Every structure is written in C-alpha cells, then in structure tokens.
Amino acid sequence: MAFLEFKDIARTPLNTGVQDPGTAILQLRVRDVDALTKALKAAGGTVISEGGAPVDFGNRRVAIVRDPNNLFFELLPAPAP
C-alpha cells in the first residue's frame, strides 16, 4: 500500500461509498470488532454498517467504518488461535 500526498491542489474531500469504483477498503482481522468500532468512532470515524454498529453476518460479527480521510475499514473477527 502506498500513500501519496499532492501539493497545491484543491483539498475537496471525497465522499465515496463502499460500492463506488476505486474506493479504498482495508480489511482488518481484529480480536474485538465491537471494541475497535467504538474506538474508531470516538476518534472521528463514521460507522456505516447498518444501524451504525457492528452487525452479525452469518456466524461472524463485522463492521465497516469510514475514517475522516474517506478510507474504509472492514473489521472482521480474527480466527481463533
């Protein structure tokens, strides 16, 4: 993954959705989806999962959070050790 910064351009924020082509979504396997969702929300993220909270998807609890820079995090439970 590479992060680029451009100078002397209009700083118009992007507001894409997860379904839009080119949208960046980083999948993370985490120990506690609910706790990390809460922490990201407290840090300025927006939970875009249905109901604004993690949801049950099959036998897993997942969440999608957008950070203030329009990067999406898909939080998935880590596999059991």
# chains A, B, ... in the order shown; residues from 1 in each chain; ligands from 1

$ residues_around --residues "region 46-52 of chain A" --least-positions-apart "6" --cutoff "8 Å" --atoms "only C-alpha atoms" --output "compact mmCIF listing (two decimals) with N, CA and C atoms, in the first residue's frame"
# COMPACT_ATOMS: atom_id res chain seq x y z
N THR A 37 -14.54 -0.86 16.83
CA THR A 37 -15.55 0.01 16.23
C THR A 37 -15.82 1.21 17.12
N LEU A 40 -12.75 3.58 17.02
CA LEU A 40 -12.67 4.33 15.77
C LEU A 40 -13.73 5.42 15.71
N ALA A 63 -18.01 -5.04 10.92
CA ALA A 63 -18.37 -3.62 10.87
C ALA A 63 -17.58 -2.97 9.75
N ILE A 64 -18.16 -1.92 9.19
CA ILE A 64 -17.45 -1.09 8.22
C ILE A 64 -17.45 0.34 8.78
N VAL A 65 -16.25 0.90 8.86
CA VAL A 65 -16.07 2.25 9.42
C VAL A 65 -15.32 3.10 8.40
N ARG A 66 -15.80 4.33 8.21
CA ARG A 66 -15.11 5.29 7.33
C ARG A 66 -14.34 6.27 8.20
N ASP A 67 -13.05 6.44 7.91
CA ASP A 67 -12.27 7.41 8.69
C ASP A 67 -12.46 8.80 8.07
N PRO A 68 -12.00 9.86 8.74
CA PRO A 68 -12.21 11.22 8.23
C PRO A 68 -11.57 11.47 6.86

$ atom_distance --atom1 "CA of Arg31 (chain A)" --atom2 "CA of Leu71 (chain A)"
20.7 Å

$ atom_distance --atom1 "CA of Ile25 (chain A)" --atom2 "CA of Phe73 (chain A)"
5.6 Å

$ select_by_dssp --residues "chain A" --states "alpha helix (DSSP H)" --output "PyMOL selection string"
chain A and resi 33-42

$ write_last_selection --atoms "N, CA and C atoms" --output "JSON list (two decimals), in the first residue's frame"
[["chain", "number", "residue", "atom", "x", "y", "z"],
["A", 33, "VAL", "N", -14.20, -6.82, 17.46],
["A", 33, "VAL", "CA", -14.82, -5.92, 16.47],
["A", 33, "VAL", "C", -15.57, -4.79, 17.16],
["A", 34, "ASP", "N", -16.34, -5.13, 18.20],
["A", 34, "ASP", "CA", -17.13, -4.10, 18.88],
["A", 34, "ASP", "C", -16.26, -3.04, 19.54],
["A", 35, "ALA", "N", -15.19, -3.46, 20.22],
["A", 35, "ALA", "CA", -14.31, -2.51, 20.91],
["A", 35, "ALA", "C", -13.59, -1.60, 19.91],
["A", 36, "LEU", "N", -13.08, -2.16, 18.82],
["A", 36, "LEU", "CA", -12.38, -1.33, 17.84],
["A", 36, "LEU", "C", -13.34, -0.39, 17.12],
["A", 37, "THR", "N", -14.54, -0.86, 16.83],
["A", 37, "THR", "CA", -15.55, 0.01, 16.23],
["A", 37, "THR", "C", -15.82, 1.21, 17.12],
["A", 38, "LYS", "N", -15.98, 0.96, 18.40],
["A", 38, "LYS", "CA", -16.23, 2.04, 19.37],
["A", 38, "LYS", "C", -15.05, 3.01, 19.41],
["A", 39, "ALA", "N", -13.80, 2.49, 19.40],
["A", 39, "ALA", "CA", -12.61, 3.34, 19.45],
["A", 39, "ALA", "C", -12.49, 4.19, 18.18],
["A", 40, "LEU", "N", -12.75, 3.58, 17.02],
["A", 40, "LEU", "CA", -12.67, 4.33, 15.77],
["A", 40, "LEU", "C", -13.73, 5.42, 15.71],
["A", 41, "LYS", "N", -14.91, 5.11, 16.21],
["A", 41, "LYS", "CA", -15.99, 6.10, 16.24],
["A", 41, "LYS", "C", -15.60, 7.27, 17.15],
["A", 42, "ALA", "N", -15.00, 6.97, 18.30],
["A", 42, "ALA", "CA", -14.57, 8.02, 19.23],
["A", 42, "ALA", "C", -13.47, 8.88, 18.64]]

$ select_by_dssp --residues "chain A" --states "strand (DSSP E)" --output "PyMOL selection string"
chain A and resi 25-30+46-47+55-57+60-66+72-77

$ residues_around --residues "Asn70 (chain A)" --least-positions-apart "6" --cutoff "10 Å" --atoms "only C-alpha atoms" --output "ChimeraX atom specification"
/A:13-18,23-25,45-46

$ residues_around --residues "Arg61 (chain A)" --least-positions-apart "4" --cutoff "7 Å" --atoms "only C-alpha atoms" --output "ChimeraX atom specification"
/A:33,54-57,76-77
